[in-house]
Amino acid sequence: MFATLALIFTYVEVLIPVNLGVPGVKLGLANLVIILALYNMNFKYAFTINLIRIVLSGLLFSGVFAMLYSLAGGICSLLVMWLLKKSGRFSLIGVSMAAAVAHNFGQLLTAALMVSNIRLFIYYPVLVFSGIIAGIGIGIFAFFVNRKLPPELF
């Protein structure tokens, strides 16, 4: 159910045009599902949901190369979420924000390695800023949704 919801959010995001002049700027709607899975289930479930979403969205909407970028970003993002949550020092909103920035870093690193050009990191400040804004937004939404979710759902 959660993988399906994450896939739907990914599809909705594909339909929303975001053009800030820098490739890769997105809202990260599917991250809502991943962070809720991490907080209410565990790392293994969150990882599995994320992997299913990335593979299916790559096959259905974007292709193999985009799938590789999403996989790199998704792994970086989930690892950061897990580590920060585990530390107990960060709010759900802070975890979401850091995860969004980590996702952008993972994707940019993958792109730089694929084209053998570290100069792609010139886009990183814009991606950090957009990641902070999107991460805070998703984090706030996740905070309120998490408070309303019935425990028996998990």
# chains A, B, ... in the order shown; residues from 1 in each chain; ligands from 1
call {"tool": "residues_around", "arguments": {"residues": "segment 39-56 of chain A", "least_positions_apart": "5", "cutoff": "6 Å", "atoms": "only C-alpha atoms", "output": "ChimeraX atom specification"}}
result
/A:3,7,34
call {"tool": "residues_around", "arguments": {"residues": "Ile138 of chain A", "least_positions_apart": "6", "cutoff": "9 Å", "atoms": "only C-alpha atoms", "output": "list in words"}}
result
Leu27, Gly28, Leu29, Asn31, Leu32, Ile93, Ser96 and Met97 of chain A
call {"tool": "write_last_selection", "arguments": {"atoms": "N, CA and C atoms", "output": "PDB file, in the first residue's frame"}}
result
ATOM      1  N   LEU A  27       9.674  18.694  -5.788  1.00  0.00           N
ATOM      2  CA  LEU A  27       9.072  18.845  -4.464  1.00  0.00           C
ATOM      3  C   LEU A  27       9.390  17.675  -3.537  1.00  0.00           C
ATOM      4  N   GLY A  28       9.549  16.490  -4.071  1.00  0.00           N
ATOM      5  CA  GLY A  28       9.828  15.318  -3.245  1.00  0.00           C
ATOM      6  C   GLY A  28       8.607  14.772  -2.533  1.00  0.00           C
ATOM      7  N   LEU A  29       7.477  14.780  -3.218  1.00  0.00           N
ATOM      8  CA  LEU A  29       6.222  14.343  -2.601  1.00  0.00           C
ATOM      9  C   LEU A  29       6.283  12.903  -2.089  1.00  0.00           C
ATOM     10  N   ASN A  31       8.647  11.429  -0.828  1.00  0.00           N
ATOM     11  CA  ASN A  31       9.428  11.368   0.402  1.00  0.00           C
ATOM     12  C   ASN A  31       8.534  11.388   1.639  1.00  0.00           C
ATOM     13  N   LEU A  32       7.343  11.939   1.505  1.00  0.00           N
ATOM     14  CA  LEU A  32       6.377  11.924   2.603  1.00  0.00           C
ATOM     15  C   LEU A  32       6.103  10.483   3.039  1.00  0.00           C
ATOM     16  N   ILE A  93      10.842  17.373  10.980  1.00  0.00           N
ATOM     17  CA  ILE A  93      11.028  18.417   9.962  1.00  0.00           C
ATOM     18  C   ILE A  93      12.507  18.570   9.620  1.00  0.00           C
ATOM     19  N   SER A  96      13.583  15.602   7.532  1.00  0.00           N
ATOM     20  CA  SER A  96      13.085  15.731   6.163  1.00  0.00           C
ATOM     21  C   SER A  96      13.924  16.720   5.359  1.00  0.00           C
ATOM     22  N   MET A  97      14.266  17.835   5.980  1.00  0.00           N
ATOM     23  CA  MET A  97      15.063  18.852   5.299  1.00  0.00           C
ATOM     24  C   MET A  97      16.444  18.299   4.929  1.00  0.00           C
TER      25      MET A  97
END
call {"tool": "closest_residue", "arguments": {"among": "A:Arg147, A:Leu60, A:Gly74, A:Val33", "to": "Leu5 of chain A", "atoms": "only C-alpha atoms"}}
result
A:Val33
call {"tool": "closest_residue", "arguments": {"among": "A:Val80, A:Asn19, A:Ile8, A:Leu38", "to": "Phe154 of chain A", "atoms": "only C-alpha atoms"}}
result
A:Leu38
call {"tool": "residues_around", "arguments": {"residues": "Lys85 of chain A", "least_positions_apart": "4", "cutoff": "7 Å", "atoms": "only C-alpha atoms", "output": "VMD selection string"}}
result
chain A and resid 81 90 95
call {"tool": "write_last_selection", "arguments": {"atoms": "N, CA and C atoms", "output": "PDB file, in the first residue's frame"}}
result
ATOM      1  N   MET A  81      18.143  10.192   6.661  1.00  0.00           N
ATOM      2  CA  MET A  81      16.945  10.146   7.506  1.00  0.00           C
ATOM      3  C   MET A  81      17.139   9.181   8.667  1.00  0.00           C
ATOM      4  N   PHE A  90      17.071  15.363  16.185  1.00  0.00           N
ATOM      5  CA  PHE A  90      16.454  16.159  15.131  1.00  0.00           C
ATOM      6  C   PHE A  90      14.953  15.909  15.089  1.00  0.00           C
ATOM      7  N   VAL A  95      14.817  16.279   9.948  1.00  0.00           N
ATOM      8  CA  VAL A  95      15.207  15.050   9.246  1.00  0.00           C
ATOM      9  C   VAL A  95      14.791  15.133   7.781  1.00  0.00           C
TER      10      VAL A  95
END
call {"tool": "closest_residue", "arguments": {"among": "A:Ala37, A:Asn117, A:Gln107, A:Gly135", "to": "Trp82 of chain A", "atoms": "only C-alpha atoms"}}
result
A:Ala37
call {"tool": "closest_residue", "arguments": {"among": "A:Lys86, A:Ile35, A:Gly21, A:Ala111", "to": "Met67 of chain A", "atoms": "only C-alpha atoms"}}
result
A:Ala111
call {"tool": "atom_distance", "arguments": {"atom1": "atom CA of Leu127 of chain A", "atom2": "atom CA of Ala6 of chain A"}}
result
21.9 Å
